[in-house]
file coords-v3.pdb (PDB, C-alpha atoms, pLDDT in the B column)
ATOM      1  CA  ALA A   1      20.759 -12.774   8.154  1.00 79.00           C
ATOM      2  CA  GLN A   2      20.767  -9.403   6.508  1.00 87.00           C
ATOM      3  CA  LYS A   3      20.566  -6.315   8.690  1.00 93.00           C
ATOM      4  CA  ILE A   4      20.678  -2.543   8.345  1.00 96.00           C
ATOM      5  CA  THR A   5      21.791  -0.339  11.235  1.00 97.00           C
ATOM      6  CA  GLN A   6      21.201   3.395  11.486  1.00 97.00           C
ATOM      7  CA  THR A   7      22.693   4.614  14.746  1.00 96.00           C
ATOM      8  CA  GLN A   8      21.556   8.250  14.571  1.00 96.00           C
ATOM      9  CA  PRO A   9      17.928   8.562  15.687  1.00 94.00           C
ATOM     10  CA  GLY A  10      17.961  12.301  15.014  1.00 96.00           C
ATOM     11  CA  MET A  11      20.211  15.034  13.666  1.00 95.00           C
ATOM     12  CA  PHE A  12      20.241  18.772  13.249  1.00 96.00           C
ATOM     13  CA  VAL A  13      21.952  20.637  10.434  1.00 97.00           C
ATOM     14  CA  GLN A  14      22.101  24.294   9.482  1.00 97.00           C
ATOM     15  CA  GLU A  15      20.636  25.304   6.164  1.00 97.00           C
ATOM     16  CA  LYS A  16      23.204  25.277   3.337  1.00 97.00           C
ATOM     17  CA  GLU A  17      25.569  22.971   5.217  1.00 97.00           C
ATOM     18  CA  ALA A  18      26.350  19.380   4.266  1.00 98.00           C
ATOM     19  CA  VAL A  19      25.218  16.476   6.421  1.00 98.00           C
ATOM     20  CA  THR A  20      26.088  12.791   6.535  1.00 98.00           C
ATOM     21  CA  LEU A  21      23.584  10.160   7.603  1.00 98.00           C
ATOM     22  CA  ASP A  22      25.178   6.911   8.694  1.00 98.00           C
ATOM     23  CA  CYS A  23      24.209   3.428   7.546  1.00 98.00           C
ATOM     24  CA  THR A  24      25.973   0.135   8.136  1.00 98.00           C
ATOM     25  CA  TYR A  25      24.819  -3.183   6.803  1.00 97.00           C
ATOM     26  CA  ASP A  26      25.431  -6.844   7.345  1.00 95.00           C
ATOM     27  CA  THR A  27      25.175  -9.508   4.677  1.00 91.00           C
ATOM     28  CA  SER A  28      27.095 -12.535   3.555  1.00 88.00           C
ATOM     29  CA  ASP A  29      25.941 -12.204  -0.060  1.00 87.00           C
ATOM     30  CA  PRO A  30      28.470 -10.782  -2.537  1.00 88.00           C
ATOM     31  CA  SER A  31      25.675  -9.234  -4.595  1.00 88.00           C
ATOM     32  CA  TYR A  32      23.267  -6.726  -3.069  1.00 91.00           C
ATOM     33  CA  GLY A  33      21.768  -3.303  -3.552  1.00 92.00           C
ATOM     34  CA  LEU A  34      21.654  -0.416  -1.118  1.00 95.00           C
ATOM     35  CA  PHE A  35      18.959   2.246  -1.192  1.00 96.00           C
ATOM     36  CA  TRP A  36      18.079   5.446   0.592  1.00 98.00           C
ATOM     37  CA  TYR A  37      14.524   6.663   0.954  1.00 97.00           C
ATOM     38  CA  LYS A  38      13.151   9.940   2.292  1.00 98.00           C
ATOM     39  CA  GLN A  39       9.952  10.116   4.297  1.00 97.00           C
ATOM     40  CA  PRO A  40       8.672  13.668   4.836  1.00 96.00           C
ATOM     41  CA  SER A  41       6.087  14.468   7.475  1.00 94.00           C
ATOM     42  CA  SER A  42       3.341  13.805   4.930  1.00 92.00           C
ATOM     43  CA  GLY A  43       4.304  10.138   5.130  1.00 92.00           C
ATOM     44  CA  GLU A  44       5.150   8.995   1.624  1.00 93.00           C
ATOM     45  CA  MET A  45       8.363   7.110   0.865  1.00 95.00           C
ATOM     46  CA  ILE A  46      10.501   8.761  -1.792  1.00 95.00           C
ATOM     47  CA  PHE A  47      13.385   6.923  -3.464  1.00 95.00           C
ATOM     48  CA  LEU A  48      16.611   8.964  -3.385  1.00 97.00           C
ATOM     49  CA  ILE A  49      19.609   6.939  -4.479  1.00 96.00           C
ATOM     50  CA  TYR A  50      20.862   3.434  -5.249  1.00 95.00           C
ATOM     51  CA  GLN A  51      24.290   1.766  -4.932  1.00 95.00           C
ATOM     52  CA  GLY A  52      25.076  -1.705  -6.217  1.00 93.00           C
ATOM     53  CA  SER A  53      27.624  -3.853  -4.442  1.00 92.00           C
ATOM     54  CA  TYR A  54      29.696  -4.192  -7.626  1.00 92.00           C
ATOM     55  CA  ASP A  55      29.530  -0.548  -8.590  1.00 91.00           C
ATOM     56  CA  GLN A  56      33.027   0.921  -8.774  1.00 90.00           C
ATOM     57  CA  GLN A  57      31.994   4.496  -8.187  1.00 94.00           C
ATOM     58  CA  ASN A  58      29.923   6.080  -5.469  1.00 96.00           C
ATOM     59  CA  ALA A  59      26.398   6.913  -6.593  1.00 95.00           C
ATOM     60  CA  THR A  60      25.322  10.523  -6.947  1.00 96.00           C
ATOM     61  CA  GLU A  61      21.911  12.069  -7.638  1.00 96.00           C
ATOM     62  CA  GLY A  62      21.909  15.850  -7.569  1.00 97.00           C
ATOM     63  CA  ARG A  63      22.619  16.966  -3.997  1.00 97.00           C
ATOM     64  CA  TYR A  64      22.619  13.367  -2.773  1.00 98.00           C
ATOM     65  CA  SER A  65      25.675  11.167  -2.824  1.00 97.00           C
ATOM     66  CA  LEU A  66      26.370   7.820  -1.292  1.00 97.00           C
ATOM     67  CA  ASN A  67      29.682   7.232   0.453  1.00 97.00           C
ATOM     68  CA  PHE A  68      30.051   3.495  -0.143  1.00 96.00           C
ATOM     69  CA  GLN A  69      32.816   1.766   1.804  1.00 96.00           C
ATOM     70  CA  LYS A  70      32.425  -1.906   1.005  1.00 94.00           C
ATOM     71  CA  ALA A  71      35.133  -3.214   3.325  1.00 94.00           C
ATOM     72  CA  ARG A  72      33.575  -1.388   6.258  1.00 96.00           C
ATOM     73  CA  LYS A  73      30.052  -2.315   5.131  1.00 96.00           C
ATOM     74  CA  SER A  74      28.877   1.244   5.278  1.00 97.00           C
ATOM     75  CA  ALA A  75      26.687   3.232   2.890  1.00 97.00           C
ATOM     76  CA  ASN A  76      26.378   6.740   4.271  1.00 98.00           C
ATOM     77  CA  LEU A  77      24.132   9.302   2.619  1.00 98.00           C
ATOM     78  CA  VAL A  78      25.624  12.743   2.108  1.00 98.00           C
ATOM     79  CA  ILE A  79      23.292  15.666   1.471  1.00 98.00           C
ATOM     80  CA  SER A  80      25.107  18.762   0.256  1.00 96.00           C
ATOM     81  CA  ALA A  81      23.813  22.298   0.747  1.00 95.00           C
ATOM     82  CA  SER A  82      20.903  21.313   3.003  1.00 97.00           C
ATOM     83  CA  GLN A  83      17.554  22.942   2.402  1.00 97.00           C
ATOM     84  CA  LEU A  84      14.582  23.356   4.715  1.00 97.00           C
ATOM     85  CA  GLY A  85      12.691  20.878   2.556  1.00 97.00           C
ATOM     86  CA  ASP A  86      15.242  18.196   3.419  1.00 98.00           C
ATOM     87  CA  SER A  87      13.760  17.927   6.904  1.00 98.00           C
ATOM     88  CA  ALA A  88      12.405  14.390   6.987  1.00 98.00           C
ATOM     89  CA  MET A  89      13.004  10.846   8.141  1.00 97.00           C
ATOM     90  CA  TYR A  90      15.643   9.026   6.083  1.00 98.00           C
ATOM     91  CA  PHE A  91      15.761   5.260   5.714  1.00 97.00           C
ATOM     92  CA  CYS A  92      18.621   3.105   4.523  1.00 97.00           C
ATOM     93  CA  ALA A  93      17.576  -0.208   2.967  1.00 96.00           C
ATOM     94  CA  MET A  94      19.156  -3.256   1.366  1.00 94.00           C
ATOM     95  CA  ARG A  95      17.968  -5.829  -1.128  1.00 89.00           C
ATOM     96  CA  GLY A  96      19.877  -9.064  -1.607  1.00 81.00           C
ATOM     97  CA  GLY A  97      21.067 -10.369  -4.944  1.00 73.00           C
ATOM     98  CA  TYR A  98      20.252 -14.036  -4.585  1.00 71.00           C
ATOM     99  CA  GLY A  99      17.218 -16.189  -3.943  1.00 72.00           C
ATOM    100  CA  GLY A 100      14.740 -15.069  -1.328  1.00 70.00           C
ATOM    101  CA  ALA A 101      16.828 -12.054  -0.373  1.00 68.00           C
ATOM    102  CA  THR A 102      15.863 -10.387  -3.645  1.00 73.00           C
ATOM    103  CA  ASN A 103      12.211 -10.431  -2.714  1.00 79.00           C
ATOM    104  CA  LYS A 104      12.201  -7.686  -0.111  1.00 84.00           C
ATOM    105  CA  LEU A 105      13.879  -4.583   1.181  1.00 89.00           C
ATOM    106  CA  ILE A 106      15.430  -4.727   4.637  1.00 92.00           C
ATOM    107  CA  PHE A 107      15.088  -1.341   6.303  1.00 95.00           C
ATOM    108  CA  GLY A 108      16.942   0.400   9.077  1.00 95.00           C
ATOM    109  CA  THR A 109      15.084   2.246  11.815  1.00 95.00           C
ATOM    110  CA  GLY A 110      15.635   5.626  10.223  1.00 96.00           C
ATOM    111  CA  THR A 111      17.270   8.980  11.028  1.00 97.00           C
ATOM    112  CA  LEU A 112      15.146  12.061  11.587  1.00 97.00           C
ATOM    113  CA  LEU A 113      16.866  15.077  10.042  1.00 98.00           C
ATOM    114  CA  ALA A 114      15.907  18.616  10.994  1.00 98.00           C
ATOM    115  CA  VAL A 115      17.293  21.463   8.899  1.00 97.00           C
ATOM    116  CA  GLN A 116      17.489  24.735  10.787  1.00 96.00           C
ATOM    117  CA  PRO A 117      17.368  28.154   9.092  1.00 94.00           C
TER     118      PRO A 117
ATOM    119  CA  GLU B   1       2.267   9.966 -14.281  1.00 83.00           C
ATOM    120  CA  ALA B   2       3.880   6.758 -13.055  1.00 83.00           C
ATOM    121  CA  GLN B   3       2.608   5.980  -9.604  1.00 94.00           C
ATOM    122  CA  VAL B   4       1.491   3.522  -6.968  1.00 96.00           C
ATOM    123  CA  THR B   5      -1.928   4.395  -5.601  1.00 97.00           C
ATOM    124  CA  GLN B   6      -3.231   3.224  -2.245  1.00 97.00           C
ATOM    125  CA  ASN B   7      -6.701   3.684  -0.854  1.00 97.00           C
ATOM    126  CA  PRO B   8      -7.816   4.720   1.610  1.00 97.00           C
ATOM    127  CA  ARG B   9      -5.139   7.010   2.989  1.00 96.00           C
ATOM    128  CA  TYR B  10      -6.620   6.971   6.463  1.00 97.00           C
ATOM    129  CA  LEU B  11      -8.845   4.361   8.066  1.00 97.00           C
ATOM    130  CA  ILE B  12     -10.255   3.925  11.549  1.00 97.00           C
ATOM    131  CA  THR B  13     -12.048   0.668  12.234  1.00 95.00           C
ATOM    132  CA  VAL B  14     -13.034  -1.626  15.076  1.00 96.00           C
ATOM    133  CA  THR B  15     -11.699  -4.995  16.068  1.00 97.00           C
ATOM    134  CA  GLY B  16     -12.987  -7.824  13.903  1.00 96.00           C
ATOM    135  CA  LYS B  17     -14.459  -5.786  11.066  1.00 96.00           C
ATOM    136  CA  LYS B  18     -13.003  -7.026   7.783  1.00 97.00           C
ATOM    137  CA  LEU B  19     -11.292  -4.430   5.638  1.00 97.00           C
ATOM    138  CA  THR B  20      -9.382  -4.172   2.382  1.00 98.00           C
ATOM    139  CA  VAL B  21      -6.676  -1.702   1.453  1.00 98.00           C
ATOM    140  CA  THR B  22      -6.322  -1.376  -2.286  1.00 98.00           C
ATOM    141  CA  CYS B  23      -3.088  -0.881  -4.204  1.00 98.00           C
ATOM    142  CA  SER B  24      -2.749  -0.191  -7.900  1.00 98.00           C
ATOM    143  CA  GLN B  25       0.274   0.619 -10.062  1.00 97.00           C
ATOM    144  CA  ASN B  26       0.349   1.945 -13.617  1.00 95.00           C
ATOM    145  CA  MET B  27       3.947   1.044 -14.467  1.00 94.00           C
ATOM    146  CA  ASN B  28       3.320  -2.538 -15.653  1.00 94.00           C
ATOM    147  CA  HIS B  29       5.500  -3.795 -12.810  1.00 93.00           C
ATOM    148  CA  GLU B  30       5.640  -7.519 -12.159  1.00 93.00           C
ATOM    149  CA  TYR B  31       6.672  -7.290  -8.513  1.00 93.00           C
ATOM    150  CA  MET B  32       4.489  -5.832  -5.779  1.00 95.00           C
ATOM    151  CA  SER B  33       4.803  -5.886  -2.022  1.00 96.00           C
ATOM    152  CA  TRP B  34       3.179  -4.742   1.203  1.00 97.00           C
ATOM    153  CA  TYR B  35       5.081  -3.332   4.179  1.00 97.00           C
ATOM    154  CA  ARG B  36       4.058  -2.049   7.548  1.00 97.00           C
ATOM    155  CA  GLN B  37       5.897   0.704   9.402  1.00 96.00           C
ATOM    156  CA  ASP B  38       5.980   0.874  13.182  1.00 95.00           C
ATOM    157  CA  PRO B  39       7.948   3.317  15.362  1.00 90.00           C
ATOM    158  CA  GLY B  40      11.461   2.131  16.081  1.00 87.00           C
ATOM    159  CA  LEU B  41      11.121  -0.865  13.764  1.00 90.00           C
ATOM    160  CA  GLY B  42      11.438   0.632  10.313  1.00 90.00           C
ATOM    161  CA  LEU B  43       9.454  -1.081   7.565  1.00 94.00           C
ATOM    162  CA  ARG B  44       8.786  -4.804   7.558  1.00 95.00           C
ATOM    163  CA  GLN B  45       7.463  -6.839   4.666  1.00 95.00           C
ATOM    164  CA  ILE B  46       4.053  -8.466   5.025  1.00 97.00           C
ATOM    165  CA  TYR B  47       3.528 -10.185   1.650  1.00 96.00           C
ATOM    166  CA  TYR B  48       4.885  -9.913  -1.841  1.00 94.00           C
ATOM    167  CA  SER B  49       3.948 -11.000  -5.333  1.00 94.00           C
ATOM    168  CA  MET B  50       6.306 -11.841  -8.163  1.00 91.00           C
ATOM    169  CA  ASN B  51       3.529 -11.810 -10.768  1.00 91.00           C
ATOM    170  CA  VAL B  52      -0.163 -12.543 -11.311  1.00 94.00           C
ATOM    171  CA  GLU B  53      -1.342 -15.410  -9.090  1.00 94.00           C
ATOM    172  CA  VAL B  54       2.125 -15.686  -7.473  1.00 92.00           C
ATOM    173  CA  THR B  55       2.239 -14.497  -3.870  1.00 94.00           C
ATOM    174  CA  ASP B  56       4.342 -15.372  -0.853  1.00 93.00           C
ATOM    175  CA  LYS B  57       4.758 -14.452   2.791  1.00 94.00           C
ATOM    176  CA  GLY B  58       7.145 -11.818   4.010  1.00 93.00           C
ATOM    177  CA  ASP B  59       8.404 -11.378   7.550  1.00 92.00           C
ATOM    178  CA  VAL B  60       5.128 -10.487   9.292  1.00 96.00           C
ATOM    179  CA  PRO B  61       2.239 -12.161   7.412  1.00 97.00           C
ATOM    180  CA  GLU B  62       0.063 -13.179  10.367  1.00 97.00           C
ATOM    181  CA  GLY B  63      -3.414 -11.689  10.213  1.00 97.00           C
ATOM    182  CA  TYR B  64      -3.156 -10.584   6.579  1.00 98.00           C
ATOM    183  CA  LYS B  65      -4.176 -11.943   3.194  1.00 98.00           C
ATOM    184  CA  VAL B  66      -3.378 -10.798  -0.318  1.00 97.00           C
ATOM    185  CA  SER B  67      -4.399 -11.640  -3.834  1.00 96.00           C
ATOM    186  CA  ARG B  68      -2.973 -10.840  -7.258  1.00 97.00           C
ATOM    187  CA  LYS B  69      -5.589 -11.459  -9.910  1.00 97.00           C
ATOM    188  CA  GLU B  70      -4.467  -8.648 -12.168  1.00 96.00           C
ATOM    189  CA  LYS B  71      -0.981  -7.333 -12.759  1.00 96.00           C
ATOM    190  CA  ARG B  72      -1.784  -3.796 -11.663  1.00 97.00           C
ATOM    191  CA  ASN B  73      -3.650  -4.563  -8.421  1.00 98.00           C
ATOM    192  CA  PHE B  74      -2.472  -6.061  -5.146  1.00 98.00           C
ATOM    193  CA  PRO B  75      -5.027  -5.607  -2.345  1.00 98.00           C
ATOM    194  CA  LEU B  76      -4.230  -6.225   1.315  1.00 98.00           C
ATOM    195  CA  ILE B  77      -7.004  -7.883   3.293  1.00 98.00           C
ATOM    196  CA  LEU B  78      -7.430  -7.913   7.046  1.00 97.00           C
ATOM    197  CA  GLU B  79     -10.085 -10.550   7.751  1.00 95.00           C
ATOM    198  CA  SER B  80     -10.390  -9.787  11.457  1.00 97.00           C
ATOM    199  CA  PRO B  81      -8.335  -6.721  12.381  1.00 97.00           C
ATOM    200  CA  SER B  82      -6.872  -6.424  15.854  1.00 97.00           C
ATOM    201  CA  PRO B  83      -5.366  -3.408  17.652  1.00 97.00           C
ATOM    202  CA  ASN B  84      -1.821  -4.708  17.077  1.00 97.00           C
ATOM    203  CA  GLN B  85      -2.403  -4.152  13.360  1.00 98.00           C
ATOM    204  CA  THR B  86      -2.626  -0.414  13.936  1.00 98.00           C
ATOM    205  CA  SER B  87       0.187   0.825  11.723  1.00 97.00           C
ATOM    206  CA  LEU B  88       1.225   2.723   8.619  1.00 97.00           C
ATOM    207  CA  TYR B  89       0.996   0.486   5.561  1.00 98.00           C
ATOM    208  CA  PHE B  90       2.847   0.858   2.294  1.00 97.00           C
ATOM    209  CA  CYS B  91       2.408  -0.816  -1.027  1.00 97.00           C
ATOM    210  CA  ALA B  92       5.421  -0.925  -3.333  1.00 96.00           C
ATOM    211  CA  SER B  93       6.180  -2.139  -6.828  1.00 94.00           C
ATOM    212  CA  SER B  94       9.219  -2.716  -9.009  1.00 92.00           C
ATOM    213  CA  ILE B  95       9.926  -3.973 -12.507  1.00 88.00           C
ATOM    214  CA  GLY B  96      10.671  -7.429 -11.222  1.00 73.00           C
ATOM    215  CA  GLY B  97      11.886  -9.394  -8.294  1.00 66.00           C
ATOM    216  CA  GLY B  98      15.014 -11.460  -8.427  1.00 63.00           C
ATOM    217  CA  ILE B  99      17.370  -8.572  -9.065  1.00 68.00           C
ATOM    218  CA  ALA B 100      18.876  -6.463  -6.324  1.00 64.00           C
ATOM    219  CA  LYS B 101      18.990  -3.220  -8.293  1.00 75.00           C
ATOM    220  CA  ASN B 102      15.304  -3.022  -9.147  1.00 82.00           C
ATOM    221  CA  ILE B 103      14.038   0.070  -7.379  1.00 88.00           C
ATOM    222  CA  GLN B 104      10.870  -0.288  -5.361  1.00 91.00           C
ATOM    223  CA  TYR B 105       8.456   2.617  -5.722  1.00 93.00           C
ATOM    224  CA  PHE B 106       6.076   3.228  -2.868  1.00 95.00           C
ATOM    225  CA  GLY B 107       2.528   4.399  -2.539  1.00 96.00           C
ATOM    226  CA  ALA B 108       1.651   7.311  -0.256  1.00 95.00           C
ATOM    227  CA  GLY B 109       0.770   5.029   2.649  1.00 96.00           C
ATOM    228  CA  THR B 110      -2.390   4.039   4.512  1.00 97.00           C
ATOM    229  CA  ARG B 111      -2.631   4.937   8.171  1.00 97.00           C
ATOM    230  CA  LEU B 112      -4.800   2.336   9.888  1.00 97.00           C
ATOM    231  CA  SER B 113      -6.146   2.505  13.425  1.00 97.00           C
ATOM    232  CA  VAL B 114      -7.928  -0.508  14.888  1.00 97.00           C
ATOM    233  CA  LEU B 115      -9.925   0.287  18.024  1.00 96.00           C
TER     234      LEU B 115
END

call {"tool": "encode", "arguments": {"input": "coords-v3.pdb", "output": "structure tokens"}}
result
Amino acid sequence: AQKITQTQPGMFVQEKEAVTLDCTYDTSDPSYGLFWYKQPSSGEMIFLIYQGSYDQQNATEGRYSLNFQKARKSANLVISASQLGDSAMYFCAMRGGYGGATNKLIFGTGTLLAVQP
Amino acid sequence: EAQVTQNPRYLITVTGKKLTVTCSQNMNHEYMSWYRQDPGLGLRQIYYSMNVEVTDKGDVPEGYKVSRKEKRNFPLILESPSPNQTSLYFCASSIGGGIAKNIQYFGAGTRLSVL
């Protein structure tokens, strides 16, 4: 069965510093996609970044980058130069590449990030 | 603006009173899905739809119904709500199912309380 694990329930970071949010995953499929979503206090789910299992390079989107270590089954989100507006809950998610596993996202339990001025 | 729209955003109801949460997307997406979010559990899929008139159960379908009569709409129906269905609900859509890289875009969420 596929599973996402986020071991950090909450984190603090100083404004302008970089922060890494951990995500490990478990799947036996060779093809899969990994996603990070941001959920601010207002509640909506905002897509941040995607990494495919066959992608050779780590994904980057502005201040967000994904540290993808396939052998270790980890997909950590790195936020550079944190801003106060980055304070939110962050979810790691996975979607399988075959059959029924493609039909849903499997989510971790989330990491609550607080950026301090 | 491309978006997934859910209504209502907030809903308080009583046990047993049927309700419908609407979801509409303007991106011509084939795939749509409903999730519920509960503290400490992340998001779990309730139902999904690969296209018009094609729906299937997710991980937690008990107590819910869906329909997909039009491509843009995917309402979630609670025939007889119970307090354990108090949750934050999200509708999501993507270009298609069947491919891992298709990004799911989410609505703003519906916070439901069943008394």

call {"tool": "closest_atom_pairs", "arguments": {"input": "coords-v3.pdb", "of": "chain A", "to": "chain B", "cutoff": "10 Å", "atoms": "all atoms listed in the file", "output": "Markdown table"}}
result
| residue | atom | partner | partner_atom | distance |
| --- | --- | --- | --- | --- |
| A:Ile4 | CA | B:Gly42 | CA | 10.0 |
| A:Pro9 | CA | B:Gly40 | CA | 9.1 |
| A:Ser31 | CA | B:Ala100 | CA | 7.5 |
| A:Tyr32 | CA | B:Ala100 | CA | 5.5 |
| A:Gly33 | CA | B:Ala100 | CA | 5.1 |
| A:Leu34 | CA | B:Lys101 | CA | 8.2 |
| A:Phe35 | CA | B:Ile103 | CA | 8.2 |
| A:Tyr37 | CA | B:Tyr105 | CA | 9.9 |
| A:Gln39 | CA | B:Ala108 | CA | 9.9 |
| A:Ser42 | CA | B:Ala108 | CA | 8.5 |
| A:Gly43 | CA | B:Ala108 | CA | 6.6 |
| A:Glu44 | CA | B:Ala108 | CA | 4.3 |
| A:Met45 | CA | B:Phe106 | CA | 5.9 |
| A:Ile46 | CA | B:Phe106 | CA | 7.2 |
| A:Phe47 | CA | B:Tyr105 | CA | 6.9 |
| A:Ile49 | CA | B:Ile103 | CA | 9.3 |
| A:Tyr50 | CA | B:Lys101 | CA | 7.6 |
| A:Gln51 | CA | B:Lys101 | CA | 8.0 |
| A:Gly52 | CA | B:Lys101 | CA | 6.6 |
| A:Ser53 | CA | B:Ala100 | CA | 9.3 |
| A:Phe91 | CA | B:Gly42 | CA | 7.8 |
| A:Cys92 | CA | B:Gly42 | CA | 9.6 |
| A:Ala93 | CA | B:Leu43 | CA | 9.4 |
| A:Met94 | CA | B:Ala100 | CA | 8.3 |
| A:Arg95 | CA | B:Ala100 | CA | 5.3 |
| A:Gly96 | CA | B:Ala100 | CA | 5.5 |
| A:Gly97 | CA | B:Ala100 | CA | 4.7 |
| A:Tyr98 | CA | B:Gly98 | CA | 7.0 |
| A:Gly99 | CA | B:Gly98 | CA | 6.9 |
| A:Gly100 | CA | B:Gly98 | CA | 8.0 |
| A:Ala101 | CA | B:Gly98 | CA | 8.3 |
| A:Thr102 | CA | B:Gly98 | CA | 5.0 |
| A:Asn103 | CA | B:Gly97 | CA | 5.7 |
| A:Lys104 | CA | B:Gln45 | CA | 6.8 |
| A:Leu105 | CA | B:Gln45 | CA | 7.6 |
| A:Ile106 | CA | B:Arg44 | CA | 7.3 |
| A:Phe107 | CA | B:Gly42 | CA | 5.8 |
| A:Gly108 | CA | B:Gly42 | CA | 5.6 |
| A:Thr109 | CA | B:Gly42 | CA | 4.3 |
| A:Gly110 | CA | B:Gly42 | CA | 6.5 |

call {"tool": "write_last_selection", "arguments": {"input": "coords-v3.pdb", "atoms": "C-alpha atoms", "output": "mmCIF file, keeping the file's coordinate frame"}}
result
data_model
loop_
_atom_site.group_PDB
_atom_site.id
_atom_site.type_symbol
_atom_site.label_atom_id
_atom_site.label_comp_id
_atom_site.auth_asym_id
_atom_site.auth_seq_id
_atom_site.Cartn_x
_atom_site.Cartn_y
_atom_site.Cartn_z
ATOM 1 C CA ILE A 4 20.678 -2.543 8.345
ATOM 2 C CA PRO A 9 17.928 8.562 15.687
ATOM 3 C CA SER A 31 25.675 -9.234 -4.595
ATOM 4 C CA TYR A 32 23.267 -6.726 -3.069
ATOM 5 C CA GLY A 33 21.768 -3.303 -3.552
ATOM 6 C CA LEU A 34 21.654 -0.416 -1.118
ATOM 7 C CA PHE A 35 18.959 2.246 -1.192
ATOM 8 C CA TYR A 37 14.524 6.663 0.954
ATOM 9 C CA GLN A 39 9.952 10.116 4.297
ATOM 10 C CA SER A 42 3.341 13.805 4.930
ATOM 11 C CA GLY A 43 4.304 10.138 5.130
ATOM 12 C CA GLU A 44 5.150 8.995 1.624
ATOM 13 C CA MET A 45 8.363 7.110 0.865
ATOM 14 C CA ILE A 46 10.501 8.761 -1.792
ATOM 15 C CA PHE A 47 13.385 6.923 -3.464
ATOM 16 C CA ILE A 49 19.609 6.939 -4.479
ATOM 17 C CA TYR A 50 20.862 3.434 -5.249
ATOM 18 C CA GLN A 51 24.290 1.766 -4.932
ATOM 19 C CA GLY A 52 25.076 -1.705 -6.217
ATOM 20 C CA SER A 53 27.624 -3.853 -4.442
ATOM 21 C CA PHE A 91 15.761 5.260 5.714
ATOM 22 C CA CYS A 92 18.621 3.105 4.523
ATOM 23 C CA ALA A 93 17.576 -0.208 2.967
ATOM 24 C CA MET A 94 19.156 -3.256 1.366
ATOM 25 C CA ARG A 95 17.968 -5.829 -1.128
ATOM 26 C CA GLY A 96 19.877 -9.064 -1.607
ATOM 27 C CA GLY A 97 21.067 -10.369 -4.944
ATOM 28 C CA TYR A 98 20.252 -14.036 -4.585
ATOM 29 C CA GLY A 99 17.218 -16.189 -3.943
ATOM 30 C CA GLY A 100 14.740 -15.069 -1.328
ATOM 31 C CA ALA A 101 16.828 -12.054 -0.373
ATOM 32 C CA THR A 102 15.863 -10.387 -3.645
ATOM 33 C CA ASN A 103 12.211 -10.431 -2.714
ATOM 34 C CA LYS A 104 12.201 -7.686 -0.111
ATOM 35 C CA LEU A 105 13.879 -4.583 1.181
ATOM 36 C CA ILE A 106 15.430 -4.727 4.637
ATOM 37 C CA PHE A 107 15.088 -1.341 6.303
ATOM 38 C CA GLY A 108 16.942 0.400 9.077
ATOM 39 C CA THR A 109 15.084 2.246 11.815
ATOM 40 C CA GLY A 110 15.635 5.626 10.223
#

call {"tool": "resolve_selection", "arguments": {"input": "coords-v3.pdb", "expression": "the PyMOL selection byres ((chain B and resi 15) around 6)", "output": "PDB file with C-alpha atoms, in the coordinates of the input"}}
result
ATOM      1  CA  VAL B  14     -13.034  -1.626  15.076  1.00 96.00           C
ATOM      2  CA  GLY B  16     -12.987  -7.824  13.903  1.00 96.00           C
ATOM      3  CA  LYS B  17     -14.459  -5.786  11.066  1.00 96.00           C
ATOM      4  CA  PRO B  81      -8.335  -6.721  12.381  1.00 97.00           C
ATOM      5  CA  SER B  82      -6.872  -6.424  15.854  1.00 97.00           C
ATOM      6  CA  VAL B 114      -7.928  -0.508  14.888  1.00 97.00           C
ATOM      7  CA  LEU B 115      -9.925   0.287  18.024  1.00 96.00           C
TER       8      LEU B 115
END

call {"tool": "residues_near_point", "arguments": {"input": "coords-v3.pdb", "point": "(24.0, -2.4, 9.7)", "cutoff": "10 Å", "atoms": "only C-alpha atoms", "output": "PDB file with C-alpha atoms, keeping the file's coordinate frame"}}
result
ATOM      1  CA  GLN A   2      20.767  -9.403   6.508  1.00 87.00           C
ATOM      2  CA  LYS A   3      20.566  -6.315   8.690  1.00 93.00           C
ATOM      3  CA  ILE A   4      20.678  -2.543   8.345  1.00 96.00           C
ATOM      4  CA  THR A   5      21.791  -0.339  11.235  1.00 97.00           C
ATOM      5  CA  GLN A   6      21.201   3.395  11.486  1.00 97.00           C
ATOM      6  CA  THR A   7      22.693   4.614  14.746  1.00 96.00           C
ATOM      7  CA  ASP A  22      25.178   6.911   8.694  1.00 98.00           C
ATOM      8  CA  CYS A  23      24.209   3.428   7.546  1.00 98.00           C
ATOM      9  CA  THR A  24      25.973   0.135   8.136  1.00 98.00           C
ATOM     10  CA  TYR A  25      24.819  -3.183   6.803  1.00 97.00           C
ATOM     11  CA  ASP A  26      25.431  -6.844   7.345  1.00 95.00           C
ATOM     12  CA  THR A  27      25.175  -9.508   4.677  1.00 91.00           C
ATOM     13  CA  LYS A  73      30.052  -2.315   5.131  1.00 96.00           C
ATOM     14  CA  SER A  74      28.877   1.244   5.278  1.00 97.00           C
ATOM     15  CA  ALA A  75      26.687   3.232   2.890  1.00 97.00           C
ATOM     16  CA  CYS A  92      18.621   3.105   4.523  1.00 97.00           C
ATOM     17  CA  ALA A  93      17.576  -0.208   2.967  1.00 96.00           C
ATOM     18  CA  MET A  94      19.156  -3.256   1.366  1.00 94.00           C
ATOM     19  CA  PHE A 107      15.088  -1.341   6.303  1.00 95.00           C
ATOM     20  CA  GLY A 108      16.942   0.400   9.077  1.00 95.00           C
TER      21      GLY A 108
END

call {"tool": "atom_distance", "arguments": {"input": "coords-v3.pdb", "atom1": "CA of Gln25 in chain B", "atom2": "CA of Arg68 in chain B"}}
result
12.2 Å

call {"tool": "closest_residue", "arguments": {"input": "coords-v3.pdb", "among": "A:Leu66, A:Leu48, A:Ala114, A:Leu21", "to": "Gln83 in chain A", "atoms": "only C-alpha atoms"}}
result
A:Ala114
